[in-house]
Structures are given as structure tokens and as C-alpha cells.
>>> print(open('coords26.tsv').read())   # TSV, C-alpha atoms
chain	number	residue	atom	x	y	z
A	1	ALA	CA	-70.88	-11.87	49.11
A	2	LEU	CA	-71.67	-9.68	52.11
A	3	ALA	CA	-68.68	-7.47	51.36
A	4	LEU	CA	-69.95	-6.95	47.81
A	5	VAL	CA	-73.34	-5.98	49.26
A	6	ALA	CA	-71.56	-3.51	51.55
A	7	GLU	CA	-69.96	-2.01	48.42
A	8	GLY	CA	-73.44	-1.39	46.97
A	9	ALA	CA	-73.91	-4.43	44.72
A	10	LYS	CA	-76.97	-6.65	44.31
A	11	VAL	CA	-75.73	-10.11	45.25
A	12	GLY	CA	-77.01	-13.67	45.40
A	13	ILE	CA	-75.24	-16.67	46.88
A	14	LEU	CA	-75.90	-20.28	45.93
A	15	ASP	CA	-74.78	-22.91	48.42
A	16	ALA	CA	-73.48	-25.67	46.16
A	17	ASP	CA	-72.40	-27.94	49.01
A	18	ILE	CA	-75.27	-30.43	48.76
A	19	TYR	CA	-73.85	-32.79	51.37
A	20	GLY	CA	-73.02	-30.14	53.96
A	21	PRO	CA	-75.01	-26.94	53.37
A	22	SER	CA	-73.98	-24.21	55.81
A	23	GLN	CA	-75.32	-20.94	54.42
A	24	PRO	CA	-78.61	-20.96	56.41
A	25	GLN	CA	-76.62	-21.11	59.64
A	26	MET	CA	-74.01	-18.58	58.59
A	27	LEU	CA	-76.64	-16.08	57.41
A	28	GLY	CA	-78.71	-16.52	60.56
A	29	VAL	CA	-81.76	-17.75	58.64
A	30	GLY	CA	-82.12	-21.17	60.25
A	31	LYS	CA	-84.99	-23.35	59.13
A	32	LYS	CA	-87.00	-21.40	56.58
A	33	GLU	CA	-88.45	-22.78	53.36
A	34	PRO	CA	-88.35	-20.68	50.18
A	35	GLN	CA	-91.59	-19.61	48.53
A	36	ILE	CA	-92.50	-21.36	45.26
A	37	ILE	CA	-93.65	-19.56	42.10
A	38	ASP	CA	-95.79	-21.45	39.53
A	39	ASN	CA	-94.96	-24.74	41.27
A	40	LYS	CA	-91.49	-24.53	39.71
A	41	TYR	CA	-89.30	-21.63	40.78
A	42	MET	CA	-87.93	-21.02	44.27
A	43	VAL	CA	-87.67	-17.50	45.63
A	44	PRO	CA	-84.28	-17.02	47.33
A	45	ILE	CA	-84.29	-16.08	50.99
A	46	GLU	CA	-82.79	-12.69	51.80
A	47	ALA	CA	-80.65	-11.98	54.86
A	48	HIS	CA	-78.25	-9.09	55.51
A	49	GLY	CA	-79.00	-7.79	52.01
A	50	VAL	CA	-77.88	-10.93	50.16
A	51	LYS	CA	-80.24	-13.39	48.45
A	52	SER	CA	-79.48	-17.06	49.09
A	53	ILE	CA	-80.60	-20.54	48.15
A	54	SER	CA	-79.36	-23.73	49.76
A	55	MET	CA	-80.25	-27.38	50.16
A	56	GLY	CA	-80.24	-26.47	53.86
A	57	TYR	CA	-83.57	-24.66	53.33
A	58	LEU	CA	-85.15	-27.83	51.95
A	59	ILE	CA	-84.05	-30.38	54.58
A	60	THR	CA	-83.63	-30.45	58.35
A	61	ASP	CA	-80.22	-29.91	59.94
A	62	LYS	CA	-80.16	-33.61	60.89
A	63	THR	CA	-81.03	-35.01	57.46
A	64	PRO	CA	-78.00	-36.73	55.85
A	65	MET	CA	-77.76	-36.48	52.05
A	66	VAL	CA	-76.95	-40.12	51.30
A	67	TRP	CA	-76.81	-39.61	47.55
A	68	ARG	CA	-74.54	-40.77	44.76
A	69	GLY	CA	-72.96	-38.36	42.28
A	70	PRO	CA	-75.75	-38.20	39.64
A	71	MET	CA	-78.37	-37.34	42.28
A	72	VAL	CA	-76.13	-34.61	43.73
A	73	SER	CA	-75.56	-33.13	40.26
A	74	SER	CA	-79.30	-33.19	39.56
A	75	ALA	CA	-80.06	-31.41	42.85
A	76	PHE	CA	-77.42	-28.78	42.08
A	77	GLN	CA	-78.86	-28.17	38.61
A	78	GLN	CA	-82.29	-27.66	40.15
A	79	LEU	CA	-80.90	-25.06	42.54
A	80	VAL	CA	-79.22	-23.28	39.62
A	81	ASN	CA	-82.06	-23.44	37.09
A	82	GLN	CA	-85.12	-23.22	39.31
A	83	THR	CA	-84.25	-20.24	41.49
A	84	PHE	CA	-85.86	-16.89	40.67
A	85	TRP	CA	-83.00	-14.52	41.45
A	86	GLY	CA	-84.35	-11.34	39.89
A	87	GLU	CA	-81.81	-8.65	39.05
A	88	LEU	CA	-78.29	-9.33	40.34
A	89	ASP	CA	-74.85	-7.84	39.83
A	90	TYR	CA	-73.10	-10.95	41.17
A	91	LEU	CA	-74.13	-14.54	41.79
A	92	ILE	CA	-71.59	-16.17	44.10
A	93	ILE	CA	-71.54	-19.98	44.08
A	94	ASP	CA	-70.08	-21.39	47.29
A	95	MET	CA	-68.47	-24.63	46.17
A	96	PRO	CA	-67.77	-27.78	48.17
A	97	PRO	CA	-64.09	-28.78	48.42
A	98	GLY	CA	-62.47	-30.86	45.71
A	99	THR	CA	-62.78	-31.29	41.95
A	100	GLY	CA	-65.78	-33.61	41.75
A	101	ASP	CA	-69.31	-33.81	40.37
A	102	ILE	CA	-70.49	-30.34	41.41
A	103	GLN	CA	-67.47	-28.58	39.92
A	104	LEU	CA	-67.80	-30.43	36.61
A	105	THR	CA	-71.57	-29.92	36.45
A	106	LEU	CA	-71.10	-26.20	37.10
A	107	SER	CA	-68.44	-25.73	34.43
A	108	GLN	CA	-70.49	-27.66	31.86
A	109	SER	CA	-73.90	-26.07	32.48
A	110	VAL	CA	-73.31	-22.47	33.61
A	111	PRO	CA	-71.30	-19.65	31.97
A	112	VAL	CA	-68.95	-19.00	34.90
A	113	SER	CA	-67.26	-15.58	34.85
A	114	GLY	CA	-64.41	-16.58	37.16
A	115	ALA	CA	-63.25	-18.66	40.11
A	116	VAL	CA	-61.76	-17.57	43.42
A	117	ILE	CA	-59.52	-20.18	45.04
A	118	VAL	CA	-59.54	-20.24	48.85
A	119	THR	CA	-56.68	-22.01	50.62
A	120	THR	CA	-54.78	-22.17	53.87
A	121	PRO	CA	-50.99	-21.71	53.75
A	122	GLN	CA	-49.77	-25.23	54.53
A	123	ASP	CA	-48.36	-27.40	51.75
A	124	ILE	CA	-51.06	-30.09	52.04
A	125	ALA	CA	-53.81	-27.53	51.44
A	126	LEU	CA	-51.86	-25.92	48.60
A	127	LEU	CA	-51.81	-29.25	46.74
A	128	ASP	CA	-55.62	-29.22	46.64
A	129	ALA	CA	-55.69	-25.54	45.69
A	130	LYS	CA	-53.39	-26.22	42.73
A	131	LYS	CA	-55.70	-29.01	41.55
A	132	GLY	CA	-58.60	-26.58	41.69
A	133	ILE	CA	-56.71	-24.03	39.59
A	134	GLU	CA	-55.70	-26.69	37.07
A	135	MET	CA	-59.30	-27.93	36.82
A	136	PHE	CA	-60.72	-24.46	36.13
A	137	GLN	CA	-58.02	-23.83	33.54
A	138	LYS	CA	-58.94	-27.07	31.76
A	139	VAL	CA	-62.60	-26.01	31.50
A	140	ASN	CA	-61.66	-22.44	30.46
A	141	VAL	CA	-62.86	-20.68	33.61
A	142	PRO	CA	-60.62	-17.71	34.50
A	143	VAL	CA	-59.06	-17.80	37.97
A	144	LEU	CA	-59.63	-14.36	39.48
A	145	GLY	CA	-57.15	-14.88	42.29
A	146	ILE	CA	-56.26	-16.57	45.56
A	147	VAL	CA	-57.62	-15.92	49.06
A	148	GLU	CA	-55.42	-17.16	51.89
A	149	ASN	CA	-57.40	-18.15	54.98
A	150	MET	CA	-55.89	-18.59	58.47
A	151	ALA	CA	-52.76	-16.78	57.28
A	152	THR	CA	-51.62	-15.63	60.71
A	153	HIS	CA	-52.66	-15.82	64.36
A	154	ILE	CA	-52.26	-12.95	66.80
A	155	CYS	CA	-52.21	-13.96	70.45
A	156	THR	CA	-54.97	-12.19	72.38
A	157	GLN	CA	-52.80	-12.17	75.52
A	158	CYS	CA	-49.45	-10.85	74.30
A	159	GLY	CA	-50.07	-9.67	70.72
A	160	HIS	CA	-47.44	-11.99	69.22
A	161	GLU	CA	-48.14	-12.79	65.55
A	162	GLU	CA	-47.39	-16.33	64.37
A	163	HIS	CA	-47.78	-18.17	61.06
A	164	ILE	CA	-49.25	-21.36	62.52
A	165	PHE	CA	-49.96	-23.03	59.16
A	166	GLY	CA	-46.92	-21.73	57.31
A	167	GLU	CA	-46.04	-18.42	55.73
A	168	GLY	CA	-46.73	-17.13	52.23
A	169	GLY	CA	-48.31	-20.26	50.75
A	170	GLY	CA	-51.09	-18.39	49.00
A	171	GLY	CA	-48.64	-15.90	47.56
A	172	ARG	CA	-46.44	-18.68	46.20
A	173	ILE	CA	-49.18	-20.38	44.19
A	174	ALA	CA	-50.53	-16.99	43.08
A	175	LYS	CA	-47.08	-16.23	41.66
A	176	GLU	CA	-46.76	-19.72	40.16
A	177	TYR	CA	-50.06	-19.42	38.29
A	178	LYS	CA	-49.68	-15.69	37.51
A	179	THR	CA	-52.85	-14.73	39.35
A	180	PRO	CA	-53.26	-12.13	42.13
A	181	LEU	CA	-53.33	-12.78	45.85
A	182	LEU	CA	-56.67	-11.13	46.60
A	183	GLY	CA	-56.21	-11.05	50.37
A	184	ALA	CA	-55.11	-12.90	53.48
A	185	LEU	CA	-57.44	-13.47	56.44
A	186	PRO	CA	-56.18	-14.17	59.96
A	187	LEU	CA	-57.04	-17.12	62.17
A	188	ASP	CA	-59.30	-15.15	64.48
A	189	LEU	CA	-61.89	-16.27	67.03
A	190	SER	CA	-64.35	-13.54	66.03
A	191	ILE	CA	-64.65	-14.87	62.46
A	192	ARG	CA	-65.80	-18.25	63.77
A	193	GLU	CA	-68.07	-16.80	66.45
A	194	ASP	CA	-69.73	-14.33	64.08
A	195	ALA	CA	-70.34	-16.94	61.37
A	196	ASP	CA	-71.72	-19.48	63.86
A	197	GLY	CA	-73.97	-16.77	65.26
A	198	GLY	CA	-75.47	-15.91	61.87
A	199	LYS	CA	-73.83	-12.48	61.57
A	200	PRO	CA	-70.52	-12.84	59.70
A	201	SER	CA	-67.75	-10.31	60.28
A	202	VAL	CA	-68.84	-7.75	57.66
A	203	VAL	CA	-72.29	-7.59	59.28
A	204	ALA	CA	-71.27	-8.01	62.93
A	205	ASP	CA	-68.56	-5.32	62.87
A	206	PRO	CA	-68.45	-3.47	59.52
A	207	ASN	CA	-65.60	-1.18	60.59
A	208	SER	CA	-63.25	-3.86	61.95
A	209	ALA	CA	-59.89	-4.69	60.40
A	210	ILE	CA	-61.20	-8.12	59.38
A	211	SER	CA	-64.21	-6.59	57.61
A	212	GLY	CA	-61.77	-4.28	55.83
A	213	ILE	CA	-59.92	-7.33	54.46
A	214	TYR	CA	-63.17	-8.87	53.20
A	215	LYS	CA	-64.12	-5.59	51.49
A	216	GLN	CA	-60.67	-5.31	49.94
A	217	ILE	CA	-61.06	-8.84	48.54
A	218	ALA	CA	-64.52	-7.96	47.18
A	219	ARG	CA	-63.21	-4.85	45.42
A	220	ARG	CA	-60.32	-6.78	43.90
A	221	VAL	CA	-62.66	-9.53	42.67
A	222	GLY	CA	-64.85	-6.88	41.03
A	223	ALA	CA	-61.80	-5.28	39.44
A	224	GLN	CA	-60.58	-8.63	38.11
A	225	LEU	CA	-63.99	-9.36	36.59
A	226	TRP	CA	-64.03	-5.96	34.93
A	227	HIS	CA	-60.50	-6.49	33.62
A	228	ILE	CA	-61.43	-9.87	32.12
A	229	ASN	CA	-64.60	-8.54	30.51
A	230	LYS	CA	-63.44	-5.04	29.58
A	231	ASN	CA	-63.36	-5.90	25.88
A	232	ALA	CA	-66.87	-7.34	26.02
A	233	VAL	CA	-68.51	-4.65	28.18
A	234	ALA	CA	-67.94	-1.00	27.48
A	235	ALA	CA	-66.55	0.91	30.45
A	236	PRO	CA	-68.19	4.24	31.33
A	237	GLU	CA	-66.65	7.24	29.56
A	238	ILE	CA	-66.17	10.56	31.34
A	239	ILE	CA	-66.50	13.60	29.09
A	240	MET	CA	-65.16	16.95	30.32
A	241	SER	CA	-67.08	20.03	29.26
A	242	ASP	CA	-67.10	23.77	30.02
A	243	ASP	CA	-70.92	23.83	30.14
>>> encode(input="coords26.tsv", output="C-alpha cells")
Amino acid sequence: ALALVAEGAKVGILDADIYGPSQPQMLGVGKKEPQIIDNKYMVPIEAHGVKSISMGYLITDKTPMVWRGPMVSSAFQQLVNQTFWGELDYLIIDMPPGTGDIQLTLSQSVPVSGAVIVTTPQDIALLDAKKGIEMFQKVNVPVLGIVENMATHICTQCGHEEHIFGEGGGGRIAKEYKTPLLGALPLDLSIREDADGGKPSVVADPNSAISGIYKQIARRVGAQLWHINKNAVAAPEIIMSDD
């Protein structure tokens, strides 16, 4: 989302992880309640140029969400339908892991343009990623591509690069499902430190190699969306003239 903002887009992000909301921490907002319009609509909180809404803004960081599935789905629908986003180019929905209530509620109630599958390279993680792809295919949501997280680790002492969690897992399932590998992020201490500190990589160090990977992923996601919708939305036409 932040990489799309860096590319000039108007972006919102909805934290759909009702049980474990993390966006307030990652965006450096902390405890801040959204404003309410007409006793119904929440105004998303803006940080680093991205608008966000999260259950984390409505509860304390120590409040456990001891809810069954229907209550979680209802809370998610409220976040979706009662947030006043204004004008956006992209609304990114940060999903919880798995193929449960939130995923089904989303696919049944919102016209989703596409899904990005995030995985780590090891076989155990790839099994879950495949289930995610299969689920989105069953509900007719296009898979825009795969992002491989923790792809490699480079030793800070000697510079040796090692595939701790296996090599090429994201590429293999991308090839299997005929979808692009959008990018591969390293296992890097700065990513964790920046996110925990409320200034993720793209904000903390916009010109770093890691930020470059995020921006590459963002551009490829935008290109995939355009490719999927090119028949529905007219692309700009350039006319050459001697005038």
C-alpha cells in the first residue's frame, strides 16, 4: 500500500484481521479512534499518505477478540460498509491467514478486483498458499500473482546469501498456477525493525534496495489489474500531431 502511494496513487488499507489487528502499530498510529460521521460512518485514519481502518483503532492492544465466526464476519462487514474512504485508486484489504470466514465474507459481499498471495518458500507454507489460490479461483477472484517473503538471508557479517526456508518455492507455485511471481523479499532485520517502529521500509528508507522491491511489486500489481480490466476500462490513447 505504501509503495503504491509512493508511485502517486490514492490508497486505502483495510485491516481484515479482526483477531490480531496490526496496522495501527505498523503505520505508527497507535491508539487513535476514528471520527464518526452521522453516527454511522467512520473516517479512516491517515498515516504516511495511506488511509487505514482497523479493529485495532476500536479496541485496546490488550483486548482479546473472543468471538465466534458470525460475529467476526459481522465486524468485518461493518469495517467494509461503514468506512468513508472518499476517492481512492486502490483499496488494499490485508487478510488474515487461511481460508475461513473473513475470506468467504469478502468474496461474497465485495467485488474484489484481484488477490495477491503472500508465501514463504518452504513446502509447508506453499501448501497453504495453494489452498488460498484454489479458494479465490472457486469464487472467481483473479489471482494477480505471488509474493515470496523471506526468500533469502544475507549475513551481515560476511555477506553470504542463504536460502534458509528453501529456494524458489514462490516461483514454482506461480508457474503451476500460471500466475506471475511479483517479487521476492529477503529475510532482513530492517524490515522487522521498521514495521515495529511504525515506519515500514518504503517510508523509513525510500531509496533502499528493499523499498525498490516493494515498489516493483506495486507496479506489477497495478499492471496486472490493468491487464485484467483492459477490456472494461479504456486505456489512454496517444495521438501524434504536427500542431
>>> closest_residue(input="coords26.tsv", among="A:Pro44, A:Gly197, A:Gly171, A:Gly49", to="Thr119 (chain A)", atoms="all atoms listed in the file")
A:Gly171
>>> closest_residue(input="coords26.tsv", among="A:Met42, A:Ala115, A:Ile36, A:Ile13", to="Pro142 (chain A)", atoms="only C-alpha atoms")
A:Ala115
>>> closest_residue(input="coords26.tsv", among="A:Leu225, A:Met95, A:Ile213, A:Met26", to="Glu193 (chain A)", atoms="only C-alpha atoms")
A:Met26
>>> residues_around(input="coords26.tsv", residues="Leu88 (chain A)", least_positions_apart="3", cutoff="9 Å", atoms="only C-alpha atoms", output="list in words")
Ala9, Lys10, Val11, Gly12, Trp85 and Leu91 of chain A
>>> closest_residue(input="coords26.tsv", among="A:Glu148, A:Glu176, A:Asp196, A:Asp188", to="Glu161 (chain A)", atoms="only C-alpha atoms")
A:Asp188
>>> residues_around(input="coords26.tsv", residues="Asp94 (chain A)", least_positions_apart="4", cutoff="10 Å", atoms="only C-alpha atoms", output="list in words")
Ala1, Ile13, Leu14, Asp15, Ala16, Asp17, Pro21, Ser22, Gln23, Ser54 and Val116 of chain A
>>> write_last_selection(input="coords26.tsv", atoms="C-alpha atoms", output="PDB file, keeping the file's coordinate frame")
ATOM      1  CA  ALA A   1     -70.880 -11.870  49.110  1.00  0.00           C
ATOM      2  CA  ILE A  13     -75.240 -16.670  46.880  1.00  0.00           C
ATOM      3  CA  LEU A  14     -75.900 -20.280  45.930  1.00  0.00           C
ATOM      4  CA  ASP A  15     -74.780 -22.910  48.420  1.00  0.00           C
ATOM      5  CA  ALA A  16     -73.480 -25.670  46.160  1.00  0.00           C
ATOM      6  CA  ASP A  17     -72.400 -27.940  49.010  1.00  0.00           C
ATOM      7  CA  PRO A  21     -75.010 -26.940  53.370  1.00  0.00           C
ATOM      8  CA  SER A  22     -73.980 -24.210  55.810  1.00  0.00           C
ATOM      9  CA  GLN A  23     -75.320 -20.940  54.420  1.00  0.00           C
ATOM     10  CA  SER A  54     -79.360 -23.730  49.760  1.00  0.00           C
ATOM     11  CA  VAL A 116     -61.760 -17.570  43.420  1.00  0.00           C
TER      12      VAL A 116
END
>>> closest_residue(input="coords26.tsv", among="A:Thr120, A:Ser208, A:Asn229, A:Gln78", to="Ile146 (chain A)", atoms="all atoms listed in the file")
A:Thr120
>>> closest_residue(input="coords26.tsv", among="A:Leu106, A:Leu144, A:Ile164, A:Met150", to="Ser74 (chain A)", atoms="all atoms listed in the file")
A:Leu106
>>> residues_around(input="coords26.tsv", residues="Ile45 (chain A)", least_positions_apart="4", cutoff="9 Å", atoms="all atoms listed in the file", output="number ranges by chain")
A: 29, 32-35, 50-53, 57
>>> build_atoms(input="coords26.tsv", residues="region 64-84 of chain A", atoms="N, CA and C atoms", output="short mmCIF file (atom, residue, chain, number, x, y, z; two decimals), in the frame of the given file")
data_model
loop_
_atom_site.label_atom_id
_atom_site.label_comp_id
_atom_site.auth_asym_id
_atom_site.auth_seq_id
_atom_site.Cartn_x
_atom_site.Cartn_y
_atom_site.Cartn_z
N PRO A 64 -79.21 -36.47 56.65
CA PRO A 64 -78.00 -36.73 55.85
C PRO A 64 -78.36 -36.90 54.38
N MET A 65 -77.54 -36.34 53.49
CA MET A 65 -77.76 -36.48 52.05
C MET A 65 -76.98 -37.70 51.57
N VAL A 66 -77.61 -38.87 51.69
CA VAL A 66 -76.95 -40.12 51.30
C VAL A 66 -77.23 -40.36 49.82
N TRP A 67 -76.58 -39.58 48.99
CA TRP A 67 -76.81 -39.61 47.55
C TRP A 67 -75.51 -39.90 46.80
N ARG A 68 -75.68 -40.59 45.67
CA ARG A 68 -74.54 -40.77 44.76
C ARG A 68 -74.42 -39.55 43.84
N GLY A 69 -73.30 -39.52 43.10
CA GLY A 69 -72.96 -38.36 42.28
C GLY A 69 -74.06 -37.84 41.37
N PRO A 70 -74.72 -38.70 40.56
CA PRO A 70 -75.75 -38.20 39.64
C PRO A 70 -76.90 -37.49 40.36
N MET A 71 -77.28 -37.97 41.53
CA MET A 71 -78.37 -37.34 42.28
C MET A 71 -77.93 -35.97 42.81
N VAL A 72 -76.67 -35.88 43.25
CA VAL A 72 -76.13 -34.61 43.73
C VAL A 72 -76.08 -33.59 42.59
N SER A 73 -75.62 -34.03 41.42
CA SER A 73 -75.56 -33.13 40.26
C SER A 73 -76.94 -32.66 39.86
N SER A 74 -77.92 -33.55 39.91
CA SER A 74 -79.30 -33.19 39.56
C SER A 74 -79.85 -32.16 40.54
N ALA A 75 -79.59 -32.36 41.84
CA ALA A 75 -80.06 -31.41 42.85
C ALA A 75 -79.41 -30.04 42.64
N PHE A 76 -78.12 -30.04 42.32
CA PHE A 76 -77.42 -28.78 42.08
C PHE A 76 -78.00 -28.06 40.88
N GLN A 77 -78.29 -28.78 39.80
CA GLN A 77 -78.86 -28.17 38.61
C GLN A 77 -80.23 -27.57 38.89
N GLN A 78 -80.99 -28.22 39.77
CA GLN A 78 -82.29 -27.66 40.15
C GLN A 78 -82.12 -26.35 40.90
N LEU A 79 -81.15 -26.30 41.81
CA LEU A 79 -80.90 -25.06 42.54
C LEU A 79 -80.49 -23.95 41.58
N VAL A 80 -79.70 -24.28 40.58
CA VAL A 80 -79.22 -23.28 39.62
C VAL A 80 -80.35 -22.81 38.71
N ASN A 81 -81.11 -23.76 38.15
CA ASN A 81 -82.06 -23.44 37.09
C ASN A 81 -83.46 -23.10 37.58
N GLN A 82 -83.77 -23.43 38.83
CA GLN A 82 -85.12 -23.22 39.31
C GLN A 82 -85.17 -22.24 40.49
N THR A 83 -84.23 -21.31 40.51
CA THR A 83 -84.25 -20.24 41.49
C THR A 83 -84.50 -18.92 40.79
N PHE A 84 -85.49 -18.18 41.27
CA PHE A 84 -85.86 -16.89 40.67
C PHE A 84 -85.08 -15.78 41.36
#
